[in-house]
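First comes the structure, then the notes that go with it.
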2 protein chains.
Amino acid sequence: MTHTTPSPEVLDSYFTPAVEVTLEGMREGTGGPFGATLVNSDGEIVVAVGNTVIKDTDISGHAEMVAVREACRKLSTLDLSGHVMYATCEPCPMCVAVMMWAGITTCYYASTHVDAGDNGFSDVRLRKYLDGSDTSTLDMIHLDSGREDCASIWTEFQALNA
Amino acid sequence: MTHTTPSPEVLDSYFTPAVEVTLEGMREGTGGPFGATLVNSDGEIVVAVGNTVIKDTDISGHAEMVAVREACRKLSTLDLSGHVMYATCEPCPMCVAVMMWAGITTCYYASTHVDAGDNGFSDVRLRKYLDGSDTSTLDMIHLDSGREDCASIWTEFQALNA
(Lines give C-alpha, C1' and ligand atoms only; values in the text may rest on other atoms or scores of the structure.)
Protein backbone atom coordinates (compact mmCIF):
# COMPACT_ATOMS: atom_id res chain seq x y z
CA MET A 1 0.00 0.00 0.00
CA THR A 2 1.15 3.52 -0.62
CA HIS A 3 0.29 6.55 1.44
CA THR A 4 0.77 10.24 1.26
CA THR A 5 1.94 11.35 4.66
CA PRO A 6 -0.09 14.35 5.80
CA SER A 7 1.62 17.74 5.82
CA PRO A 8 3.43 18.84 9.00
CA GLU A 9 0.52 21.19 9.77
CA VAL A 10 -2.04 18.40 9.48
CA LEU A 11 0.15 16.05 11.52
CA ASP A 12 0.37 18.74 14.20
CA SER A 13 -3.41 19.07 14.22
CA TYR A 14 -3.74 15.31 14.74
CA PHE A 15 -1.02 14.87 17.35
CA THR A 16 -1.58 18.00 19.44
CA PRO A 17 -4.89 16.96 21.07
CA ALA A 18 -3.50 13.51 21.93
CA VAL A 19 -0.32 15.01 23.34
CA GLU A 20 -2.30 17.50 25.43
CA VAL A 21 -4.55 14.87 27.01
CA THR A 22 -1.51 12.63 27.57
CA LEU A 23 0.45 15.37 29.34
CA GLU A 24 -2.63 16.12 31.46
CA GLY A 25 -2.91 12.45 32.48
CA MET A 26 0.78 12.27 33.30
CA ARG A 27 0.59 15.39 35.48
CA GLU A 28 -2.48 14.09 37.28
CA GLY A 29 -0.90 10.67 37.66
CA THR A 30 -3.74 8.94 35.85
CA GLY A 31 -1.95 7.67 32.75
CA GLY A 32 1.38 6.85 31.16
CA PRO A 33 3.32 8.81 28.51
CA PHE A 34 1.43 7.63 25.44
CA GLY A 35 -1.27 9.21 23.32
CA ALA A 36 -3.16 8.42 20.13
CA THR A 37 -5.57 10.02 17.72
CA LEU A 38 -7.89 8.13 15.40
CA VAL A 39 -8.81 9.91 12.18
CA ASN A 40 -11.55 8.88 9.78
CA SER A 41 -11.28 8.58 6.01
CA ASP A 42 -12.32 12.22 5.61
CA GLY A 43 -9.36 13.29 7.73
CA GLU A 44 -11.53 14.19 10.72
CA ILE A 45 -10.51 13.34 14.26
CA VAL A 46 -12.80 10.73 15.82
CA VAL A 47 -11.07 10.48 19.19
CA ALA A 48 -7.84 11.81 20.72
CA VAL A 49 -6.86 10.05 23.91
CA GLY A 50 -4.09 9.31 26.37
CA ASN A 51 -3.15 6.15 28.21
CA THR A 52 -5.68 5.36 31.00
CA VAL A 53 -3.92 2.45 32.73
CA ILE A 54 -3.78 4.09 36.14
CA LYS A 55 -7.06 5.98 35.97
CA ASP A 56 -9.05 2.87 35.04
CA THR A 57 -6.87 0.30 36.89
CA ASP A 58 -6.75 -1.39 33.50
CA ILE A 59 -3.47 -2.86 32.31
CA SER A 60 -4.91 -2.82 28.77
CA GLY A 61 -5.59 0.95 28.82
CA HIS A 62 -2.91 1.80 26.26
CA ALA A 63 -3.70 4.87 24.16
CA GLU A 64 -4.31 3.01 20.88
CA MET A 65 -6.50 0.43 22.68
CA VAL A 66 -8.49 3.22 24.33
CA ALA A 67 -8.82 5.00 20.97
CA VAL A 68 -10.18 1.86 19.29
CA ARG A 69 -12.61 1.16 22.14
CA GLU A 70 -13.86 4.74 22.32
CA ALA A 71 -14.24 4.96 18.55
CA CYS A 72 -16.21 1.67 18.44
CA ARG A 73 -18.55 3.01 21.09
CA LYS A 74 -18.81 6.50 19.61
CA LEU A 75 -19.51 5.27 16.08
CA SER A 76 -21.50 2.19 17.19
CA THR A 77 -19.40 -0.10 15.05
CA LEU A 78 -16.86 -2.90 15.34
CA ASP A 79 -15.37 -1.98 11.97
CA LEU A 80 -12.94 0.94 11.79
CA SER A 81 -11.77 0.20 8.24
CA GLY A 82 -10.48 3.30 6.51
CA HIS A 83 -9.54 4.96 9.77
CA VAL A 84 -5.91 5.91 10.40
CA MET A 85 -4.18 5.78 13.78
CA TYR A 86 -1.68 8.46 14.80
CA ALA A 87 0.26 7.25 17.84
CA THR A 88 2.78 9.31 19.77
CA CYS A 89 4.79 6.10 20.20
CA GLU A 90 5.07 2.86 18.24
CA PRO A 91 2.19 0.59 19.28
CA CYS A 92 2.91 -2.56 21.27
CA PRO A 93 1.80 -5.95 19.89
CA MET A 94 -1.46 -5.79 21.87
CA CYS A 95 -2.33 -2.49 20.20
CA VAL A 96 -1.20 -3.70 16.78
CA ALA A 97 -3.55 -6.63 17.22
CA VAL A 98 -6.56 -4.57 18.32
CA MET A 99 -6.04 -2.23 15.36
CA MET A 100 -5.99 -5.21 13.02
CA TRP A 101 -9.13 -6.71 14.60
CA ALA A 102 -10.82 -3.34 14.03
CA GLY A 103 -9.81 -3.32 10.35
CA ILE A 104 -7.34 -0.43 10.67
CA THR A 105 -4.59 -0.85 8.08
CA THR A 106 -2.55 2.34 8.53
CA CYS A 107 -0.77 3.65 11.59
CA TYR A 108 1.66 6.54 11.82
CA TYR A 109 3.85 6.76 14.90
CA ALA A 110 6.45 9.18 16.23
CA SER A 111 8.62 7.76 19.03
CA THR A 112 9.73 4.14 18.70
CA HIS A 113 9.48 1.11 20.97
CA VAL A 114 13.20 1.66 21.65
CA ASP A 115 12.42 5.17 22.94
CA ALA A 116 9.71 3.64 25.12
CA GLY A 117 12.14 1.00 26.38
CA ASP A 118 14.70 3.69 27.24
CA ASN A 119 12.02 5.24 29.45
CA GLY A 120 11.16 2.01 31.24
CA PHE A 121 8.31 0.80 29.03
CA SER A 122 9.82 -2.06 27.06
CA ASP A 123 7.57 -4.34 25.04
CA VAL A 124 10.48 -6.43 23.74
CA ARG A 125 9.45 -9.49 25.77
CA LEU A 126 6.06 -9.45 24.01
CA ARG A 127 7.62 -8.85 20.60
CA LYS A 128 9.96 -11.80 21.09
CA TYR A 129 7.19 -14.09 22.28
CA LEU A 130 5.00 -13.24 19.31
CA ASP A 131 7.73 -13.42 16.66
CA GLY A 132 8.70 -16.80 18.07
CA SER A 133 12.27 -15.83 19.02
CA ASP A 134 11.70 -16.33 22.76
CA THR A 135 8.60 -18.18 23.88
CA SER A 136 10.01 -19.03 27.31
CA THR A 137 8.17 -16.13 29.00
CA LEU A 138 4.64 -17.53 28.69
CA ASP A 139 3.54 -21.13 29.02
CA MET A 140 0.66 -21.80 26.66
CA ILE A 141 -0.55 -25.28 27.42
CA HIS A 142 -2.96 -27.08 25.11
CA LEU A 143 -5.38 -29.39 26.90
CA ASP A 144 -5.74 -31.75 24.02
CA SER A 145 -8.37 -34.13 25.22
CA GLY A 146 -11.45 -34.45 27.30
CA ARG A 147 -12.57 -30.85 27.13
CA GLU A 148 -16.07 -31.65 26.02
CA ASP A 149 -17.44 -28.59 27.82
CA CYS A 150 -15.37 -26.32 25.58
CA ALA A 151 -16.15 -28.29 22.42
CA SER A 152 -19.83 -27.85 23.24
CA ILE A 153 -19.40 -24.13 22.54
CA TRP A 154 -18.71 -24.86 18.87
CA THR A 155 -21.59 -27.33 18.64
CA GLU A 156 -23.92 -24.68 20.03
CA PHE A 157 -22.37 -22.00 17.80
CA GLN A 158 -22.98 -24.08 14.69
CA ALA A 159 -26.54 -24.86 15.78
CA LEU A 160 -27.28 -21.18 16.40
CA ASN A 161 -25.84 -20.21 13.03
CA ALA A 162 -27.24 -23.10 10.99
CA MET B 1 8.71 -23.81 33.60
CA THR B 2 6.97 -26.99 34.58
CA HIS B 3 3.36 -27.28 35.62
CA THR B 4 1.12 -29.88 37.03
CA THR B 5 -2.06 -29.75 35.01
CA PRO B 6 -5.06 -29.71 37.35
CA SER B 7 -7.16 -32.85 37.59
CA PRO B 8 -10.10 -33.28 35.20
CA GLU B 9 -12.46 -32.43 38.07
CA VAL B 10 -10.64 -29.19 38.85
CA LEU B 11 -10.44 -28.29 35.14
CA ASP B 12 -14.19 -28.85 34.92
CA SER B 13 -14.75 -26.55 37.88
CA TYR B 14 -12.70 -23.84 36.17
CA PHE B 15 -14.12 -24.18 32.66
CA THR B 16 -17.78 -24.75 33.49
CA PRO B 17 -18.60 -21.22 34.71
CA ALA B 18 -16.86 -19.67 31.69
CA VAL B 19 -18.63 -22.01 29.30
CA GLU B 20 -21.99 -21.26 30.90
CA VAL B 21 -21.64 -17.49 30.63
CA THR B 22 -20.32 -17.89 27.07
CA LEU B 23 -23.28 -20.02 25.98
CA GLU B 24 -25.61 -17.50 27.59
CA GLY B 25 -23.99 -14.64 25.66
CA MET B 26 -24.18 -16.59 22.40
CA ARG B 27 -27.86 -17.38 22.91
CA GLU B 28 -28.63 -13.75 23.75
CA GLY B 29 -26.52 -12.55 20.82
CA THR B 30 -24.29 -10.45 23.04
CA GLY B 31 -20.98 -12.27 22.64
CA GLY B 32 -18.95 -14.68 20.55
CA PRO B 33 -18.10 -18.33 21.26
CA PHE B 34 -15.20 -17.78 23.63
CA GLY B 35 -14.88 -17.90 27.40
CA ALA B 36 -12.15 -17.64 29.99
CA THR B 37 -11.61 -18.10 33.70
CA LEU B 38 -8.83 -16.48 35.70
CA VAL B 39 -7.67 -18.40 38.75
CA ASN B 40 -5.45 -17.07 41.52
CA SER B 41 -2.39 -18.76 43.01
CA ASP B 42 -4.58 -20.45 45.63
CA GLY B 43 -6.61 -22.08 42.86
CA GLU B 44 -9.62 -19.86 43.45
CA ILE B 45 -11.63 -18.42 40.57
CA VAL B 46 -11.28 -14.63 40.36
CA VAL B 47 -13.49 -14.10 37.29
CA ALA B 48 -15.22 -16.33 34.74
CA VAL B 49 -16.35 -14.47 31.66
CA GLY B 50 -17.47 -14.73 28.06
CA ASN B 51 -16.69 -12.60 25.03
CA THR B 52 -18.46 -9.22 25.23
CA VAL B 53 -17.68 -7.84 21.74
CA ILE B 54 -21.31 -7.37 20.73
CA LYS B 55 -22.71 -6.44 24.13
CA ASP B 56 -20.14 -3.68 24.65
CA THR B 57 -19.64 -2.72 20.97
CA ASP B 58 -15.99 -3.32 21.75
CA ILE B 59 -13.85 -5.15 19.22
CA SER B 60 -11.36 -5.80 22.03
CA GLY B 61 -13.93 -7.60 24.21
CA HIS B 62 -12.34 -11.03 23.85
CA ALA B 63 -12.86 -13.31 26.84
CA GLU B 64 -9.25 -13.28 28.03
CA MET B 65 -9.09 -9.47 27.64
CA VAL B 66 -12.32 -9.09 29.59
CA ALA B 67 -11.02 -11.46 32.28
CA VAL B 68 -7.81 -9.45 32.70
CA ARG B 69 -9.69 -6.14 32.82
CA GLU B 70 -12.30 -7.38 35.28
CA ALA B 71 -9.66 -8.97 37.49
CA CYS B 72 -7.58 -5.75 37.53
CA ARG B 73 -10.64 -3.82 38.61
CA LYS B 74 -11.86 -6.41 41.11
CA LEU B 75 -8.47 -6.81 42.79
CA SER B 76 -7.44 -3.14 42.34
CA THR B 77 -4.15 -4.12 40.76
CA LEU B 78 -2.31 -3.98 37.45
CA ASP B 79 -0.26 -7.03 38.39
CA LEU B 80 -1.84 -10.45 37.99
CA SER B 81 1.41 -12.40 38.48
CA GLY B 82 0.77 -15.88 39.78
CA HIS B 83 -2.68 -16.04 38.23
CA VAL B 84 -3.45 -18.70 35.64
CA MET B 85 -5.75 -18.23 32.65
CA TYR B 86 -8.05 -21.02 31.50
CA ALA B 87 -9.35 -20.20 28.02
CA THR B 88 -11.93 -22.23 26.13
CA CYS B 89 -9.97 -21.42 22.96
CA GLU B 90 -6.35 -20.55 22.22
CA PRO B 91 -5.89 -16.82 22.86
CA CYS B 92 -5.24 -14.50 19.93
CA PRO B 93 -2.07 -12.35 19.90
CA MET B 94 -3.94 -9.40 21.46
CA CYS B 95 -4.94 -11.57 24.40
CA VAL B 96 -1.49 -13.14 24.67
CA ALA B 97 -0.09 -9.62 24.90
CA VAL B 98 -2.54 -8.40 27.54
CA MET B 99 -1.82 -11.48 29.65
CA MET B 100 1.90 -10.77 29.40
CA TRP B 101 1.43 -7.09 30.31
CA ALA B 102 -0.51 -8.28 33.36
CA GLY B 103 2.31 -10.63 34.41
CA ILE B 104 0.39 -13.83 33.72
CA THR B 105 2.84 -16.57 32.72
CA THR B 106 0.59 -19.62 32.43
CA CYS B 107 -2.41 -20.18 30.19
CA TYR B 108 -4.26 -23.42 29.58
CA TYR B 109 -6.53 -23.61 26.54
CA ALA B 110 -8.88 -26.18 25.05
CA SER B 111 -9.84 -25.47 21.42
CA THR B 112 -7.12 -24.18 19.11
CA HIS B 113 -6.85 -21.16 16.82
CA VAL B 114 -7.40 -23.63 13.96
CA ASP B 115 -10.74 -24.65 15.50
CA ALA B 116 -11.60 -20.96 15.79
CA GLY B 117 -10.60 -20.39 12.16
CA ASP B 118 -12.77 -23.30 11.05
CA ASN B 119 -15.68 -21.48 12.66
CA GLY B 120 -14.96 -18.15 10.99
CA PHE B 121 -12.76 -16.55 13.65
CA SER B 122 -9.28 -16.71 12.17
CA ASP B 123 -6.47 -14.78 13.81
CA VAL B 124 -3.88 -16.02 11.33
CA ARG B 125 -3.45 -12.59 9.73
CA LEU B 126 -2.45 -11.18 13.14
CA ARG B 127 -0.19 -14.11 13.90
CA LYS B 128 1.61 -13.67 10.57
CA TYR B 129 1.98 -9.92 11.03
CA LEU B 130 3.44 -10.34 14.49
CA ASP B 131 5.78 -13.22 13.65
CA GLY B 132 7.05 -11.20 10.71
CA SER B 133 6.01 -13.70 8.03
CA ASP B 134 3.49 -11.33 6.42
CA THR B 135 3.60 -7.67 7.36
CA SER B 136 1.71 -6.54 4.25
CA THR B 137 -1.60 -6.31 6.11
CA LEU B 138 -0.77 -3.28 8.26
CA ASP B 139 1.25 -0.25 7.30
CA MET B 140 3.20 0.98 10.30
CA ILE B 141 4.82 4.23 9.25
CA HIS B 142 7.52 5.85 11.38
CA LEU B 143 7.49 9.64 11.26
CA ASP B 144 11.18 9.99 11.87
CA SER B 145 11.60 13.70 12.16
CA GLY B 146 9.98 16.86 13.33
CA ARG B 147 7.66 15.33 15.87
CA GLU B 148 8.71 17.64 18.67
CA ASP B 149 5.21 17.51 20.20
CA CYS B 150 5.60 13.78 20.77
CA ALA B 151 9.18 14.04 21.98
CA SER B 152 7.95 16.58 24.53
CA ILE B 153 6.06 13.74 26.24
CA TRP B 154 9.35 12.07 27.18
CA THR B 155 10.90 15.34 28.32
CA GLU B 156 7.90 15.90 30.59
CA PHE B 157 7.95 12.26 31.73
CA GLN B 158 11.59 12.50 32.75
CA ALA B 159 10.98 15.81 34.54
CA LEU B 160 8.01 14.37 36.45
CA ASN B 161 10.02 11.30 37.47
CA ALA B 162 13.34 13.04 38.21
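Within each chain, counting starts at residue 1; across the C-alpha coordinates, chains are named A, B, ... in the order shown, with ligands numbered 1 upward in that order.
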Would you kindly return, as a short mmCIF file (atom, residue, chain, number, x, y, z; two decimals) with all heavy atoms, in the first residue's frame, each protein, DNA or RNA residue with an atom no farther than 10 Å from any atom of segment 142-144 of chain B, considering only C-alpha atoms and excluding same-chain residues fewer than 4 positions away?
data_model
loop_
_atom_site.label_atom_id
_atom_site.label_comp_id
_atom_site.auth_asym_id
_atom_site.auth_seq_id
_atom_site.Cartn_x
_atom_site.Cartn_y
_atom_site.Cartn_z
N THR A 5 1.90 10.87 3.28
CA THR A 5 1.94 11.35 4.66
C THR A 5 1.37 12.76 4.72
O THR A 5 1.71 13.60 3.89
CB THR A 5 3.40 11.35 5.16
OG1 THR A 5 3.90 10.01 5.08
CG2 THR A 5 3.48 11.82 6.61
N LEU A 11 -0.37 16.95 10.48
CA LEU A 11 0.15 16.05 11.52
C LEU A 11 0.06 16.74 12.89
O LEU A 11 -0.39 16.14 13.87
CB LEU A 11 1.60 15.64 11.24
CG LEU A 11 1.81 14.61 10.14
CD1 LEU A 11 3.30 14.37 9.93
CD2 LEU A 11 1.12 13.29 10.49
N TYR A 86 -2.89 7.65 14.59
CA TYR A 86 -1.68 8.46 14.80
C TYR A 86 -1.28 8.26 16.25
O TYR A 86 -2.01 8.70 17.16
CB TYR A 86 -1.95 9.93 14.49
CG TYR A 86 -2.22 10.14 13.02
CD1 TYR A 86 -3.48 9.93 12.48
CD2 TYR A 86 -1.19 10.49 12.15
CE1 TYR A 86 -3.71 10.07 11.12
CE2 TYR A 86 -1.41 10.63 10.79
CZ TYR A 86 -2.67 10.42 10.28
OH TYR A 86 -2.90 10.54 8.93
N ALA A 87 -0.17 7.59 16.48
CA ALA A 87 0.26 7.25 17.84
C ALA A 87 1.53 8.01 18.18
O ALA A 87 2.45 8.10 17.35
CB ALA A 87 0.50 5.75 17.94
N THR A 88 1.57 8.57 19.39
CA THR A 88 2.78 9.31 19.77
C THR A 88 3.98 8.37 19.88
O THR A 88 5.11 8.81 19.75
CB THR A 88 2.61 10.05 21.11
OG1 THR A 88 2.44 9.08 22.16
CG2 THR A 88 1.41 11.00 21.07
N CYS A 89 3.71 7.08 20.09
CA CYS A 89 4.79 6.10 20.20
C CYS A 89 4.37 4.81 19.49
O CYS A 89 3.18 4.47 19.44
CB CYS A 89 5.10 5.83 21.68
SG CYS A 89 6.56 4.82 21.94
N GLU A 90 5.31 4.11 18.97
CA GLU A 90 5.07 2.86 18.24
C GLU A 90 4.19 1.91 19.07
O GLU A 90 4.52 1.58 20.21
CB GLU A 90 6.43 2.20 17.98
CG GLU A 90 6.39 1.00 17.06
CD GLU A 90 7.79 0.46 16.77
OE1 GLU A 90 8.78 1.02 17.30
OE2 GLU A 90 7.90 -0.51 16.01
N CYS A 107 -1.11 3.01 10.33
CA CYS A 107 -0.77 3.65 11.59
C CYS A 107 0.52 4.43 11.44
O CYS A 107 1.53 3.89 11.01
CB CYS A 107 -0.60 2.58 12.68
SG CYS A 107 0.02 3.23 14.25
N TYR A 108 0.46 5.70 11.75
CA TYR A 108 1.66 6.54 11.82
C TYR A 108 2.08 6.65 13.29
O TYR A 108 1.22 6.80 14.16
CB TYR A 108 1.37 7.95 11.29
CG TYR A 108 1.15 8.02 9.80
CD1 TYR A 108 -0.13 7.92 9.27
CD2 TYR A 108 2.22 8.18 8.93
CE1 TYR A 108 -0.34 7.99 7.89
CE2 TYR A 108 2.03 8.24 7.56
CZ TYR A 108 0.75 8.14 7.04
OH TYR A 108 0.56 8.21 5.69
N TYR A 109 3.39 6.59 13.52
CA TYR A 109 3.85 6.76 14.90
C TYR A 109 5.11 7.60 14.93
O TYR A 109 5.86 7.66 13.96
CB TYR A 109 4.06 5.41 15.59
CG TYR A 109 5.14 4.54 14.97
CD1 TYR A 109 6.43 4.54 15.47
CD2 TYR A 109 4.84 3.71 13.90
CE1 TYR A 109 7.42 3.74 14.91
CE2 TYR A 109 5.81 2.90 13.33
CZ TYR A 109 7.10 2.93 13.84
OH TYR A 109 8.06 2.13 13.28
N ALA A 110 5.33 8.26 16.09
CA ALA A 110 6.45 9.18 16.23
C ALA A 110 7.61 8.52 16.97
O ALA A 110 8.54 8.02 16.35
CB ALA A 110 5.98 10.45 16.94
N SER A 111 7.56 8.45 18.29
CA SER A 111 8.62 7.76 19.03
C SER A 111 8.56 6.27 18.70
O SER A 111 7.56 5.77 18.20
CB SER A 111 8.43 7.95 20.53
OG SER A 111 8.36 9.32 20.87
N THR A 112 9.66 5.58 19.00
CA THR A 112 9.73 4.14 18.70
C THR A 112 9.66 3.30 19.98
O THR A 112 9.76 3.83 21.08
CB THR A 112 11.06 3.79 17.99
OG1 THR A 112 12.12 3.95 18.95
CG2 THR A 112 11.29 4.70 16.80
#
Practice item. Can you pull out every residue within 8 Å of segment 14-21 of chain B, counting only C-alpha atoms, but drop anything in the same chain fewer than 3 positions away, and send it as an MDAnalysis selection string? Key: (chainID A and resid 149:150 153) or (chainID B and resid 10:11 24:25 34:37 39 45 48:50 86:88)
Hey, can you spit out that residue selection with N, CA and C atoms as a short mmCIF file (atom, residue, chain, number, x, y, z; two decimals), in the first residue's frame?
data_model
loop_
_atom_site.label_atom_id
_atom_site.label_comp_id
_atom_site.auth_asym_id
_atom_site.auth_seq_id
_atom_site.Cartn_x
_atom_site.Cartn_y
_atom_site.Cartn_z
N ASP A 149 -16.70 -29.82 27.50
CA ASP A 149 -17.44 -28.59 27.82
C ASP A 149 -17.07 -27.47 26.83
N CYS A 150 -15.79 -27.38 26.51
CA CYS A 150 -15.37 -26.32 25.58
C CYS A 150 -15.81 -26.64 24.15
N ILE A 153 -19.21 -25.51 23.01
CA ILE A 153 -19.40 -24.13 22.54
C ILE A 153 -19.52 -24.10 21.02
N VAL B 10 -10.97 -30.60 38.60
CA VAL B 10 -10.64 -29.19 38.85
C VAL B 10 -10.77 -28.39 37.55
N LEU B 11 -10.29 -28.96 36.44
CA LEU B 11 -10.44 -28.29 35.14
C LEU B 11 -11.92 -28.02 34.87
N GLU B 24 -24.56 -18.48 27.32
CA GLU B 24 -25.61 -17.50 27.59
C GLU B 24 -25.47 -16.29 26.66
N GLY B 25 -24.25 -15.78 26.53
CA GLY B 25 -23.99 -14.64 25.66
C GLY B 25 -24.28 -14.96 24.20
N PHE B 34 -16.47 -17.69 22.91
CA PHE B 34 -15.20 -17.78 23.63
C PHE B 34 -15.38 -17.40 25.09
N GLY B 35 -14.80 -18.18 25.97
CA GLY B 35 -14.88 -17.90 27.40
C GLY B 35 -13.53 -18.06 28.07
N ALA B 36 -13.41 -17.52 29.25
CA ALA B 36 -12.15 -17.64 29.99
C ALA B 36 -12.38 -17.48 31.49
N THR B 37 -11.57 -18.19 32.24
CA THR B 37 -11.61 -18.10 33.70
C THR B 37 -10.21 -17.77 34.20
N VAL B 39 -7.78 -17.72 37.46
CA VAL B 39 -7.67 -18.40 38.75
C VAL B 39 -6.46 -17.85 39.49
N ILE B 45 -11.19 -19.18 41.74
CA ILE B 45 -11.63 -18.42 40.57
C ILE B 45 -11.78 -16.94 40.94
N ALA B 48 -14.91 -15.39 35.82
CA ALA B 48 -15.22 -16.33 34.74
C ALA B 48 -16.13 -15.56 33.79
N VAL B 49 -15.68 -15.39 32.56
CA VAL B 49 -16.35 -14.47 31.66
C VAL B 49 -16.49 -15.05 30.26
N GLY B 50 -17.36 -14.43 29.49
CA GLY B 50 -17.47 -14.73 28.06
C GLY B 50 -17.05 -13.50 27.27
N TYR B 86 -7.46 -19.84 32.14
CA TYR B 86 -8.05 -21.02 31.50
C TYR B 86 -8.97 -20.51 30.41
N ALA B 87 -8.60 -20.74 29.15
CA ALA B 87 -9.35 -20.20 28.02
C ALA B 87 -10.00 -21.35 27.25
N THR B 88 -11.26 -21.16 26.88
CA THR B 88 -11.93 -22.23 26.13
C THR B 88 -11.29 -22.41 24.76
#
**Study point:** Ser152 of chain A environment, 10 Å, only C-alpha atoms, sequence neighbours closer than 6 positions dropped, as JSON, numbers by chain
**Key:** {"A": [158], "B": [19, 23, 33]}
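DSSP on the backbone gives strand (DSSP E or B) for these parts of segment 49-101 of chain A: Val49, Gly50, Val84, Met85, Tyr86, Ala87, Thr88 and Cys89 of chain A.
With only C-alpha atoms as the atoms that count, the residue of A:Trp154, A:Met140, A:Gly31, A:Val47 with the shortest distance to Phe121 of chain B is A:Trp154.
Among the candidate residues B:Leu38, B:Leu80, B:Val46, B:Leu138, the one lying nearest to chain A is B:Leu138, with distances computed using only C-alpha atoms.
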Review point. Segment 14-126 of chain A: which residues are alpha helix (DSSP H) by DSSP, as a ChimeraX atom specification?
Key: /A:14-28,63-75,93-101,113-118,124-126
**Study point:** 10 Å contact set for Ser76 of chain A, only C-alpha atoms, chain neighbours under 3 positions out, as a ChimeraX atom specification
**Key:** /A:70-73,79 /B:56-58
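Taking only C-alpha atoms into account, Met94 of chain A lies nearest to B:Leu130 out of the set B:Leu78, B:Ser122, B:Leu130, B:Ala67.
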**Study point:** 10 Å contact set for Ser136 of chain A, only C-alpha atoms, chain neighbours under 5 positions out, as a PyMOL selection string
**Key:** (chain A and resi 125+128-129) or (chain B and resi 1+105)
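Minimum distance to His113 of chain A across A:Leu126, A:Val53, A:Val84, A:Met100 (counting only C-alpha atoms) occurs at A:Leu126.
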Study note, to complete from the structure: Pairwise distance, atom CA of Glu64 of chain A with atom CA of Val98 of chain B, equals 13.3 Å
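Taking atom CA of Ile59 of chain A and atom CA of Ile54 of chain B as the two end points, the separation is 21.7 Å.
Using only C-alpha atoms, the smallest distance between any of A:Thr4, A:Thr77, A:Asn51, A:Thr135 and chain B comes from A:Thr77.
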